[in-house]
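Colleague: Sharing input_31.cif here; it has mmCIF, C-alpha atoms.
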data_data
#
loop_
_atom_site.label_atom_id
_atom_site.label_comp_id
_atom_site.auth_asym_id
_atom_site.auth_seq_id
_atom_site.Cartn_x
_atom_site.Cartn_y
_atom_site.Cartn_z
CA MET A 1 -21.10 -0.75 23.56
CA ASP A 2 -18.98 -1.53 20.57
CA ILE A 3 -20.84 -2.00 17.34
CA GLY A 4 -19.51 -5.55 16.87
CA ASN A 5 -21.66 -6.74 19.80
CA TYR A 6 -24.84 -5.52 18.08
CA TYR A 7 -23.86 -7.47 14.99
CA ILE A 8 -23.22 -10.66 16.95
CA ILE A 9 -26.53 -10.33 18.82
CA VAL A 10 -28.50 -9.80 15.59
CA ALA A 11 -26.67 -12.70 13.91
CA LEU A 12 -27.39 -15.06 16.82
CA ILE A 13 -31.06 -14.04 16.99
CA LEU A 14 -31.50 -14.62 13.26
CA LEU A 15 -29.73 -17.97 13.50
CA PHE A 16 -32.03 -18.94 16.39
CA ILE A 17 -35.19 -17.94 14.50
CA SER A 18 -33.92 -19.85 11.48
CA TYR A 19 -33.34 -22.94 13.64
CA ILE A 20 -36.86 -22.82 15.08
CA LYS A 21 -38.42 -22.41 11.66
CA ASP A 22 -36.44 -25.05 9.80
CA LYS A 23 -33.69 -27.21 11.31
CA LYS A 24 -32.58 -28.73 8.01
CA LYS A 25 -32.13 -25.38 6.31
CA THR A 26 -30.25 -24.02 9.30
CA LEU A 27 -27.84 -26.96 9.31
CA LYS A 28 -27.24 -26.31 5.62
CA ALA A 29 -26.60 -22.65 6.46
CA LEU A 30 -24.13 -23.65 9.21
CA ASN A 31 -22.31 -25.83 6.71
CA SER A 32 -21.95 -22.95 4.25
CA ILE A 33 -20.96 -20.63 7.12
CA LEU A 34 -18.05 -22.99 7.83
CA LYS A 35 -17.00 -22.99 4.19
CA ILE A 36 -17.28 -19.20 3.87
CA SER A 37 -15.20 -18.78 7.04
CA LEU A 38 -12.49 -20.93 5.53
CA ASN A 39 -12.68 -18.81 2.39
CA VAL A 40 -12.77 -15.40 4.06
CA LEU A 41 -10.66 -15.56 7.23
CA PRO A 42 -7.27 -16.36 5.59
CA VAL A 43 -7.76 -13.51 3.10
CA ILE A 44 -8.56 -11.21 5.97
CA PHE A 45 -5.42 -12.27 7.81
CA PHE A 46 -3.46 -11.46 4.65
CA ILE A 47 -5.12 -8.03 4.43
CA PHE A 48 -4.30 -7.30 8.06
CA VAL A 49 -0.62 -8.01 7.46
CA VAL A 50 -0.63 -5.64 4.46
CA MET A 51 -2.41 -3.03 6.59
CA GLY A 52 0.24 -3.40 9.27
CA LEU A 53 2.94 -3.07 6.63
CA ILE A 54 1.54 0.23 5.34
CA THR A 55 0.89 1.61 8.82
CA VAL A 56 4.42 0.83 9.94
CA PHE A 57 6.18 2.26 6.91
CA VAL A 58 4.01 5.32 6.15
CA SER A 59 3.97 7.69 9.09
CA LYS A 60 0.93 9.82 9.87
CA GLU A 61 3.19 12.83 10.33
CA THR A 62 4.29 12.62 6.67
CA ILE A 63 0.68 12.39 5.52
CA ALA A 64 -0.37 15.32 7.66
CA ASN A 65 2.38 17.56 6.31
CA LEU A 66 1.62 16.48 2.76
CA LEU A 67 -2.11 17.21 2.93
CA GLY A 68 -2.00 20.26 5.16
CA SER A 69 -0.04 22.40 2.74
CA ARG A 70 -1.78 21.81 -0.59
CA ARG A 71 -5.06 23.21 -1.85
CA GLY A 72 -7.14 23.31 -5.01
CA ILE A 73 -7.10 20.56 -7.60
CA VAL A 74 -3.62 19.34 -6.70
CA GLY A 75 -4.66 19.07 -3.07
CA ILE A 76 -7.83 17.16 -3.95
CA LEU A 77 -5.97 14.67 -6.14
CA LEU A 78 -3.32 14.23 -3.48
CA GLY A 79 -6.03 13.75 -0.84
CA GLU A 80 -7.62 11.02 -2.94
CA LEU A 81 -4.29 9.30 -3.53
CA VAL A 82 -3.30 9.37 0.13
CA GLY A 83 -6.77 8.21 1.21
CA ALA A 84 -6.57 5.25 -1.16
CA VAL A 85 -3.06 4.17 -0.21
CA ALA A 86 -2.59 5.11 3.43
CA LEU A 87 -4.37 2.85 5.76
CA ILE A 88 -6.39 4.32 8.48
CA GLN A 89 -8.88 2.36 10.51
CA PRO A 90 -12.46 3.55 9.94
CA SER A 91 -12.69 4.56 13.57
CA ALA A 92 -9.50 6.60 13.21
CA VAL A 93 -10.44 8.39 9.98
CA TYR A 94 -12.29 11.24 11.69
CA PRO A 95 -9.82 11.92 14.51
CA PHE A 96 -7.02 11.90 11.96
CA SER A 97 -8.99 14.20 9.65
CA GLY A 98 -9.40 16.54 12.62
CA THR A 99 -5.62 16.63 12.93
CA LEU A 100 -5.37 17.41 9.22
CA LEU A 101 -7.86 20.26 9.62
CA ASN A 102 -5.70 21.73 12.37
CA LYS A 103 -2.66 21.42 10.13
CA GLY A 104 -4.39 23.58 7.54
CA ALA A 105 -6.01 21.10 5.16
CA SER A 106 -9.06 22.48 3.31
CA TYR A 107 -12.51 20.88 3.54
CA ALA A 108 -12.36 19.87 -0.14
CA VAL A 109 -9.09 18.00 0.46
CA LEU A 110 -10.58 16.39 3.57
CA TYR A 111 -13.67 15.29 1.61
CA ALA A 112 -11.43 13.68 -1.01
CA PHE A 113 -9.31 12.04 1.67
CA ILE A 114 -12.21 10.69 3.75
CA GLY A 115 -14.07 9.46 0.66
CA THR A 116 -11.23 7.37 -0.67
CA ALA A 117 -10.05 6.33 2.78
CA ILE A 118 -13.42 4.69 3.39
CA LEU A 119 -14.27 3.48 -0.12
CA ILE A 120 -10.93 2.53 -1.66
CA GLY A 121 -8.06 0.64 -0.14
CA VAL A 122 -4.94 -0.57 -1.85
CA SER A 123 -4.54 -3.17 0.88
CA THR A 124 -8.10 -4.46 0.45
CA LEU A 125 -7.84 -4.74 -3.35
CA PRO A 126 -6.83 -8.44 -3.19
CA ALA A 127 -10.02 -9.18 -1.24
CA GLU A 128 -12.21 -7.17 -3.58
CA ILE A 129 -10.75 -8.94 -6.62
CA LYS A 130 -11.12 -12.35 -4.98
CA PHE A 131 -14.76 -11.90 -3.98
CA LEU A 132 -16.06 -9.58 -6.69
CA GLY A 133 -13.84 -10.07 -9.72
CA LYS A 134 -11.26 -7.97 -11.56
CA ARG A 135 -13.65 -6.11 -13.82
CA PHE A 136 -16.00 -5.10 -11.02
CA THR A 137 -13.09 -3.95 -8.84
CA LEU A 138 -11.51 -1.90 -11.64
CA ILE A 139 -14.72 -0.14 -12.65
CA ARG A 140 -15.88 0.51 -9.09
CA ASN A 141 -12.58 1.99 -7.98
CA LEU A 142 -12.07 4.18 -11.06
CA LEU A 143 -15.63 5.54 -10.94
CA THR A 144 -15.36 6.18 -7.21
CA ILE A 145 -12.15 8.18 -7.65
CA LEU A 146 -13.80 10.18 -10.43
CA ILE A 147 -17.01 11.03 -8.59
CA ILE A 148 -15.23 11.90 -5.35
CA PHE A 149 -13.09 14.30 -7.38
CA VAL A 150 -16.19 15.97 -8.83
CA PHE A 151 -17.87 16.31 -5.43
CA SER A 152 -14.63 17.58 -3.87
CA LEU A 153 -14.67 20.42 -6.39
CA PHE A 154 -18.27 21.07 -5.35
CA ILE A 155 -17.21 21.23 -1.67
CA HIS A 156 -14.35 23.52 -2.69
CA LEU A 157 -16.92 25.94 -4.18
CA ILE A 158 -19.39 25.95 -1.28
CA MET A 159 -17.19 25.72 1.83
CA MET B 1 -13.33 -28.18 -0.22
CA LYS B 2 -9.76 -29.22 -1.09
CA LYS B 3 -9.35 -26.13 -3.27
CA LEU B 4 -10.65 -23.99 -0.39
CA ILE B 5 -8.09 -25.39 2.04
CA LYS B 6 -5.30 -24.99 -0.51
CA GLU B 7 -6.18 -21.34 -1.13
CA ALA B 8 -6.50 -20.71 2.60
CA ILE B 9 -3.02 -22.09 3.20
CA ILE B 10 -1.56 -20.01 0.35
CA TYR B 11 -3.01 -16.75 1.73
CA ILE B 12 -1.77 -17.51 5.24
CA LEU B 13 1.70 -18.45 3.96
CA ILE B 14 2.05 -15.28 1.84
CA GLY B 15 0.93 -13.20 4.82
CA LEU B 16 3.43 -14.90 7.12
CA ALA B 17 6.19 -14.52 4.49
CA ILE B 18 5.65 -10.74 4.24
CA TRP B 19 5.61 -10.48 8.01
CA GLY B 20 8.79 -12.57 8.21
CA ILE B 21 10.60 -10.31 5.75
CA VAL B 22 9.71 -7.25 7.87
CA PHE B 23 11.10 -9.07 10.92
CA LEU B 24 14.37 -9.59 9.03
CA ILE B 25 14.55 -5.85 8.29
CA SER B 26 13.70 -4.73 11.80
CA ASP B 27 12.53 -6.55 14.91
CA SER B 28 10.59 -3.64 16.33
CA LYS B 29 8.66 -3.09 13.09
CA GLY B 30 7.82 -6.78 12.96
CA ILE B 31 6.44 -6.63 16.49
CA GLU B 32 4.49 -3.50 15.60
CA ILE B 33 2.85 -5.30 12.67
CA GLY B 34 1.95 -8.16 15.00
CA LYS B 35 0.25 -5.69 17.32
CA ILE B 36 -1.66 -4.09 14.44
CA VAL B 37 -2.79 -7.48 13.12
CA TYR B 38 -3.94 -8.46 16.60
CA ASN B 39 -5.75 -5.16 17.28
CA THR B 40 -7.57 -5.02 13.94
CA PHE B 41 -8.52 -8.64 14.38
CA ALA B 42 -9.91 -8.00 17.85
CA GLN B 43 -11.83 -4.95 16.58
CA THR B 44 -13.36 -6.54 13.51
CA ILE B 45 -13.75 -10.27 14.19
CA LYS B 46 -17.26 -9.92 15.63
CA ILE B 47 -18.51 -8.06 12.57
CA ILE B 48 -16.76 -10.43 10.18
CA LEU B 49 -18.26 -13.53 11.82
CA SER B 50 -21.72 -11.93 11.95
CA VAL B 51 -21.57 -11.01 8.27
CA ILE B 52 -20.58 -14.59 7.45
CA VAL B 53 -23.63 -15.81 9.39
CA PHE B 54 -25.82 -13.38 7.40
CA ILE B 55 -24.40 -14.73 4.15
CA GLY B 56 -25.08 -18.32 5.21
CA LEU B 57 -28.68 -17.50 6.16
CA ILE B 58 -29.34 -15.51 2.97
CA THR B 59 -28.17 -18.35 0.74
CA VAL B 60 -30.50 -20.79 2.52
CA TRP B 61 -33.62 -18.67 2.98
CA PHE B 62 -33.78 -16.64 -0.23
CA THR B 63 -33.80 -17.93 -3.77
CA PRO B 64 -32.00 -15.91 -6.47
CA GLU B 65 -35.40 -15.22 -8.03
CA GLN B 66 -36.70 -13.61 -4.84
CA ILE B 67 -33.64 -11.39 -4.51
CA ALA B 68 -33.67 -10.48 -8.20
CA LYS B 69 -37.28 -9.35 -7.88
CA TYR B 70 -36.25 -6.53 -5.55
CA PHE B 71 -32.59 -5.93 -6.42
CA GLY B 72 -32.20 -7.29 -9.95
CA LYS B 73 -32.69 -5.49 -13.24
CA GLU B 74 -36.43 -6.11 -13.28
CA ALA B 75 -36.86 -3.85 -10.25
CA HIS B 76 -35.79 -0.85 -12.43
CA TRP B 77 -34.70 2.31 -10.60
CA LYS B 78 -36.34 1.15 -7.36
CA ARG B 79 -33.53 -1.33 -6.83
CA PHE B 80 -31.19 1.56 -6.10
CA LEU B 81 -33.47 3.08 -3.48
CA ILE B 82 -32.74 0.66 -0.64
CA ALA B 83 -29.15 0.00 -1.74
CA SER B 84 -28.33 3.71 -1.64
CA THR B 85 -29.80 4.40 1.79
CA VAL B 86 -29.99 1.40 4.14
CA PRO B 87 -26.22 0.65 4.19
CA MET B 88 -25.68 4.21 5.45
CA PHE B 89 -26.79 3.04 8.89
CA LEU B 90 -24.39 0.11 9.03
CA GLY B 91 -20.91 0.18 10.48
CA GLY B 92 -17.64 -1.66 10.11
CA SER B 93 -14.85 -1.86 7.58
CA LEU B 94 -15.35 -2.11 3.85
CA PHE B 95 -13.58 -5.43 3.36
CA THR B 96 -16.00 -7.17 5.72
CA ILE B 97 -18.83 -6.72 3.22
CA PHE B 98 -17.02 -7.83 0.04
CA PRO B 99 -17.90 -11.53 0.59
CA LEU B 100 -21.51 -10.54 1.31
CA ILE B 101 -21.74 -8.45 -1.88
CA GLY B 102 -20.18 -11.34 -3.84
CA THR B 103 -22.88 -13.72 -2.56
CA LEU B 104 -25.62 -11.22 -3.36
CA ILE B 105 -24.37 -10.79 -6.96
CA ASP B 106 -24.29 -14.57 -7.38
CA ASN B 107 -27.88 -14.63 -6.12
CA GLY B 108 -29.39 -12.15 -8.55
CA VAL B 109 -28.43 -8.67 -7.30
CA SER B 110 -27.41 -6.39 -10.19
CA TYR B 111 -23.92 -4.86 -10.42
CA GLY B 112 -25.34 -1.37 -9.96
CA VAL B 113 -27.05 -2.29 -6.71
CA ALA B 114 -23.81 -3.87 -5.47
CA ILE B 115 -21.82 -0.70 -6.21
CA ALA B 116 -24.53 1.54 -4.71
CA PHE B 117 -24.55 -0.64 -1.59
CA ILE B 118 -20.78 -0.37 -1.14
CA THR B 119 -20.86 3.38 -1.73
CA ALA B 120 -23.75 4.04 0.65
CA TRP B 121 -21.80 2.10 3.30
CA SER B 122 -19.39 5.07 3.39
CA ALA B 123 -21.92 7.36 5.13
CA LYS B 124 -21.10 5.71 8.47
CA ILE B 125 -24.06 7.17 10.33
CA PRO B 126 -23.21 5.29 13.58
CA MET B 127 -20.03 7.36 13.69
CA ILE B 128 -21.66 10.74 13.08
CA PRO B 129 -21.09 12.08 16.62
CA LEU B 130 -17.38 11.51 16.10
CA GLU B 131 -17.44 13.17 12.69
CA ILE B 132 -19.27 16.25 14.02
CA HIS B 133 -16.82 16.52 16.89
CA PHE B 134 -13.74 16.50 14.68
CA LEU B 135 -14.96 18.08 11.44
CA GLY B 136 -17.93 20.26 12.34
CA LEU B 137 -21.68 20.01 11.80
CA LYS B 138 -21.81 21.69 8.38
CA PHE B 139 -19.20 19.42 6.76
CA THR B 140 -20.74 16.31 8.31
CA ILE B 141 -24.26 17.11 7.05
CA ILE B 142 -23.04 17.91 3.53
CA ARG B 143 -20.85 14.80 3.34
CA THR B 144 -23.57 12.47 4.63
CA LEU B 145 -26.22 13.88 2.29
CA LEU B 146 -23.86 13.69 -0.70
CA VAL B 147 -23.47 9.94 -0.12
CA ILE B 148 -26.98 9.27 -1.49
CA PRO B 149 -26.51 10.87 -4.95
CA THR B 150 -22.98 9.43 -5.06
CA ALA B 151 -24.34 5.92 -4.53
CA PHE B 152 -27.09 6.43 -7.11
CA ILE B 153 -24.76 7.80 -9.79
CA LEU B 154 -21.99 5.25 -9.19
CA GLY B 155 -24.44 2.35 -9.21
CA TYR B 156 -26.13 3.55 -12.39
CA LEU B 157 -22.91 4.30 -14.32
CA GLY B 158 -21.09 1.22 -13.03
CA GLU B 159 -23.89 -1.06 -14.12
CA ILE B 160 -23.98 0.38 -17.66
CA ILE B 161 -20.21 0.04 -18.08
CA LEU B 162 -19.96 -3.45 -16.56
CA GLU B 163 -22.81 -4.76 -18.67
CA LYS B 164 -21.32 -3.36 -21.86
CA MET B 165 -18.01 -5.05 -21.01
CA GLU B 166 -19.79 -8.29 -20.30
CA LYS B 167 -21.66 -8.18 -23.61
CA LYS B 168 -18.39 -7.62 -25.46
CA LYS B 169 -16.85 -10.56 -23.63
CA ILE B 170 -19.77 -12.79 -24.51
CA ALA B 171 -19.49 -11.70 -28.17
CA LEU B 172 -15.77 -12.52 -28.17
CA LYS B 173 -16.41 -15.88 -26.57
CA LEU B 174 -18.99 -16.65 -29.24
CA LYS B 175 -16.47 -15.81 -31.96
CA GLU B 176 -13.86 -18.07 -30.37
CA PHE B 177 -16.45 -20.76 -29.96
CA VAL B 178 -17.37 -20.58 -33.64
CA LYS B 179 -13.70 -20.75 -34.63
CA GLU B 180 -13.10 -23.76 -32.41
CA GLU B 181 -16.16 -25.43 -33.85
CA LEU B 182 -14.78 -24.98 -37.36
CA VAL B 183 -11.39 -26.39 -36.41
CA LEU B 184 -13.13 -29.25 -34.66
CA ASP B 185 -15.15 -29.92 -37.74
CA GLU B 186 -12.06 -30.54 -39.86
CA ASP B 187 -10.53 -32.72 -37.17
CA VAL B 188 -13.71 -34.64 -36.74
CA VAL B 189 -13.99 -35.19 -40.46
CA GLN B 190 -10.42 -36.55 -40.59
CA VAL B 191 -10.92 -38.79 -37.60
CA LEU B 192 -14.17 -40.10 -39.00
CA GLU B 193 -12.55 -40.78 -42.36
CA LYS B 194 -9.75 -42.71 -40.69
CA GLU B 195 -12.18 -44.72 -38.59
CA ASP B 196 -14.20 -45.38 -41.65
CA ASN B 197 -11.15 -46.66 -43.55
CA GLY B 198 -10.13 -48.82 -40.57
CA ASN B 199 -13.58 -50.31 -40.36
CA ASN B 200 -13.57 -51.01 -44.04
CA ASN B 201 -10.17 -52.71 -43.77
CA ASN B 202 -11.34 -54.80 -40.83
CA ASN B 203 -14.44 -55.72 -42.68
CA ASP B 204 -12.35 -56.68 -45.68
CA LYS B 205 -10.11 -58.88 -43.54
CA LYS B 206 -13.10 -60.51 -41.89
CA ASN B 207 -14.58 -61.16 -45.27
CA ASP B 208 -11.28 -62.69 -46.41
CA LYS B 209 -11.33 -65.13 -43.51
#
What's the structure tokens form of this structure?
Modeller:
Amino acid sequence: MDIGNYYIIVALILLFISYIKDKKKTLKALNSILKISLNVLPVIFFIFVVMGLITVFVSKETIANLLGSRRGIVGILLGELVGAVALIQPSAVYPFSGTLLNKGASYAVLYAFIGTAILIGVSTLPAEIKFLGKRFTLIRNLLTILIIFVFSLFIHLIM
Amino acid sequence: MKKLIKEAIIYILIGLAIWGIVFLISDSKGIEIGKIVYNTFAQTIKIILSVIVFIGLITVWFTPEQIAKYFGKEAHWKRFLIASTVPMFLGGSLFTIFPLIGTLIDNGVSYGVAIAFITAWSAKIPMIPLEIHFLGLKFTIIRTLLVIPTAFILGYLGEIILEKMEKKKIALKLKEFVKEELVLDEDVVQVLEKEDNGNNNNNDKKNDK
């Protein structure tokens, strides 16, 4: 079963419990749910269009050739950059990384790529800034890039 | 509410505009983007809606004080413990949790906990079978275990930096505030003087009559 169904079931159960315990509070919650939806869904539509844009114009073949041939520090930095910019669905990150492995990418480069692919996204930056603020977004992204670099070097040494 | 609707319309219009431009460049690429938008929407909408429900329930059932007790600064290092581990077991895309994290920060969660939470999310334990299949057991175990220290370190460092920046900003604001006060003072003095003169004149006229 797809993970989304679990989420929906848990959400509905919690909503039901909330309703039994306190109707007034739950109605208030439903009201804010409506407002949050109005706030979140348009931004998400915008993000999806940007995702589509990147997917259509940056081919996976180019990425694979780029990451497969480089190693060491240059490879790690490149892996981070590509992971941050190129958009790969979370469910597609591992299959695609498998392809990269077959094309000759090192584990350190893969670690850098997977880390930034999951944690940083150029296309999701507008959402992060909107919901969490410019300063938070800047610091979180810079620190993440830095620490993934350090741990990639660590992987480079042990694998 | 009006502002919300306005912003919503702006985001949708910009999105449609970008899409439209791609259509002008190439029909097939425009259609491809439509397919991607539809597919990602179909894949993520359940999680997005559920997370929104969680946010709504959290804001009603928990007061900021309650949340701050466990995830605010007063919880010391313990606040990182849950934030660096529990999200590892969750799934979904990063952007779906940004609104949730925003609500939590507004309700008393510290910056460090927020960053640790986001980072720990990257472990993606529900997808581990897939990761092992494509990347091997050794890499998967190392990567998953490294997520915990990564979340701890990022949360700790991020919080220190963000708080320093905030303090600086508050100091700057205070300086500006003081300056404005001074300027105001002079203005106020002038205005008061004028009013005073006017009153005196009026009083004089009244007295004359």
Colleague: If I take atom CA of Val10 of chain A and atom CA of Ala151 of chain B, how far is one from the other in Å, to one decimal?
Modeller: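 For atom CA of Val10 of chain A relative to atom CA of Ala151 of chain B, the distance reads 25.9 Å.
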Colleague: Please enumerate the residues selected by the PyMOL selection byres ((chain B and resi 148) around 9) when evaluated against the supplied file, formatted as an MDAnalysis selection string.
Modeller: chainID B and resid 84:85 88 116 119:120 123 144:147 149:153
Colleague: Find, counting all atoms listed in the file, the residue in B:Leu24, B:Val178, B:Val60, B:Ala17 that gets nearest to Ala29 of chain A.
Modeller: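 Looking only at the distances to Ala29 of chain A, the closest residue turns out to be B:Val60.
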Colleague: Expand the PyMOL selection byres ((chain B and resi 35) around 12) into the explicit residue set it covers here, and present it as a tab-separated table (two decimals) with C-alpha atoms, keeping the file's coordinate frame.
Modeller:
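Contents of selection.tsv, freshly written:
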chain	number	residue	atom	x	y	z
A	48	PHE	CA	-4.30	-7.30	8.06
A	49	VAL	CA	-0.62	-8.01	7.46
A	51	MET	CA	-2.41	-3.03	6.59
A	52	GLY	CA	0.24	-3.40	9.27
A	53	LEU	CA	2.94	-3.07	6.63
A	55	THR	CA	0.89	1.61	8.82
A	56	VAL	CA	4.42	0.83	9.94
B	19	TRP	CA	5.61	-10.48	8.01
B	28	SER	CA	10.59	-3.64	16.33
B	29	LYS	CA	8.66	-3.09	13.09
B	30	GLY	CA	7.82	-6.78	12.96
B	31	ILE	CA	6.44	-6.63	16.49
B	32	GLU	CA	4.49	-3.50	15.60
B	33	ILE	CA	2.85	-5.30	12.67
B	34	GLY	CA	1.95	-8.16	15.00
B	36	ILE	CA	-1.66	-4.09	14.44
B	37	VAL	CA	-2.79	-7.48	13.12
B	38	TYR	CA	-3.94	-8.46	16.60
B	39	ASN	CA	-5.75	-5.16	17.28
B	40	THR	CA	-7.57	-5.02	13.94
B	41	PHE	CA	-8.52	-8.64	14.38
B	42	ALA	CA	-9.91	-8.00	17.85
Colleague: Excluding Trp61 of chain B and any residue of its chain fewer than 3 positions from it, enumerate the residues within 8 Å of it, using all atoms listed in the file, and give them as a list of chain:residue names.
Modeller: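 So, after excluding close chain neighbours, the residues are A:Lys25, B:Leu57, B:Ile58.
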Colleague: Going by the chain IDs and residue numbers used in this file, which residues fall under the PyMOL selection byres ((chain B and resi 118) around 9)? Write them as a PDB file with C-alpha atoms, keeping the file's coordinate frame.
Modeller:
ATOM      1  CA  LEU A 119     -14.270   3.480  -0.120  1.00  0.00           C
TER       2      LEU A 119
ATOM      3  CA  ALA B  83     -29.150   0.000  -1.740  1.00  0.00           C
ATOM      4  CA  SER B  84     -28.330   3.710  -1.640  1.00  0.00           C
ATOM      5  CA  PRO B  87     -26.220   0.650   4.190  1.00  0.00           C
ATOM      6  CA  LEU B  94     -15.350  -2.110   3.850  1.00  0.00           C
ATOM      7  CA  ILE B  97     -18.830  -6.720   3.220  1.00  0.00           C
ATOM      8  CA  PHE B  98     -17.020  -7.830   0.040  1.00  0.00           C
ATOM      9  CA  ILE B 101     -21.740  -8.450  -1.880  1.00  0.00           C
ATOM     10  CA  VAL B 113     -27.050  -2.290  -6.710  1.00  0.00           C
ATOM     11  CA  ALA B 114     -23.810  -3.870  -5.470  1.00  0.00           C
ATOM     12  CA  ILE B 115     -21.820  -0.700  -6.210  1.00  0.00           C
ATOM     13  CA  ALA B 116     -24.530   1.540  -4.710  1.00  0.00           C
ATOM     14  CA  PHE B 117     -24.550  -0.640  -1.590  1.00  0.00           C
ATOM     15  CA  THR B 119     -20.860   3.380  -1.730  1.00  0.00           C
ATOM     16  CA  ALA B 120     -23.750   4.040   0.650  1.00  0.00           C
ATOM     17  CA  TRP B 121     -21.800   2.100   3.300  1.00  0.00           C
ATOM     18  CA  SER B 122     -19.390   5.070   3.390  1.00  0.00           C
ATOM     19  CA  ALA B 151     -24.340   5.920  -4.530  1.00  0.00           C
TER      20      ALA B 151
END
Colleague: Just checking: using only C-alpha atoms, which residue out of B:Lys78, B:Lys73, B:Lys124, B:Lys6 ends up closest to Ile118 of chain A?
Modeller: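 Distance minimum relative to Ile118 of chain A lands on B:Lys124.
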Colleague: Provide the atom CA of Ser37 of chain A to atom CA of Ile52 of chain B distance in Å, to one decimal place.
Modeller: 6.8 Å
Colleague: For each of A:Leu101, A:Leu41, A:Lys28, A:Leu34, take the minimum atom-to-atom distance to Ala64 of chain A, counting all atoms listed in the file, then give the residue where this is smallest.
Modeller: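 With all atoms listed in the file as the atom set, the closest residue is A:Leu101.
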Colleague: Using all atoms listed in the file, which residue out of A:Ser32, A:Thr62, A:Ser123, A:Thr137 lies closest to chain B?
Modeller: A:Ser32
Colleague: My list of candidates is A:Tyr94, A:Lys23, A:Lys60, A:Val150. Which is closest to chain B when distances are computed with all atoms listed in the file?
Modeller: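 Selected residue with least distance to chain B: A:Tyr94.
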Colleague: Let me make sure I understand: among B:Ile9, B:Ile128, B:Ile25, B:Ile142, which one has the smallest atom-to-atom distance to Ser152 of chain A if we use all atoms listed in the file?
Modeller: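 Checking each candidate against Ser152 of chain A, we get B:Ile142 as the closest.
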Colleague: Place a sphere of radius 12 Å on (-7.8, 0.6, -3.4) in the file coordinates and name every protein, DNA or RNA residue with an atom inside or on its surface, counting only C-alpha atoms; give the answer as an MDAnalysis selection string.
Modeller: (chainID A and resid 47 51 80:87 115:129 137:145) or (chainID B and resid 94:95)
Colleague: Would you work out the distance separating atom CA of Gly68 of chain A from atom CA of Pro126 of chain B, expressed in Å to one decimal?
Modeller: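 According to the coordinates, atom CA of Gly68 of chain A and atom CA of Pro126 of chain B are separated by 27.3 Å.
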Colleague: Using all atoms listed in the file, which protein or nucleic acid residues come within 10 Å of Ile73 of chain A? Drop anything in the same chain fewer than 4 positions from it, and give the result as an MDAnalysis selection string.
Modeller: chainID A and resid 77:79 108:109 149 152:153 156
Colleague: Can you write just those residues out, C-alpha atoms, as a PDB file, in the coordinates of the input?
Modeller:
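Result file follows (part23.pdb):
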ATOM      1  CA  LEU A  77      -5.970  14.670  -6.140  1.00  0.00           C
ATOM      2  CA  LEU A  78      -3.320  14.230  -3.480  1.00  0.00           C
ATOM      3  CA  GLY A  79      -6.030  13.750  -0.840  1.00  0.00           C
ATOM      4  CA  ALA A 108     -12.360  19.870  -0.140  1.00  0.00           C
ATOM      5  CA  VAL A 109      -9.090  18.000   0.460  1.00  0.00           C
ATOM      6  CA  PHE A 149     -13.090  14.300  -7.380  1.00  0.00           C
ATOM      7  CA  SER A 152     -14.630  17.580  -3.870  1.00  0.00           C
ATOM      8  CA  LEU A 153     -14.670  20.420  -6.390  1.00  0.00           C
ATOM      9  CA  HIS A 156     -14.350  23.520  -2.690  1.00  0.00           C
TER      10      HIS A 156
END
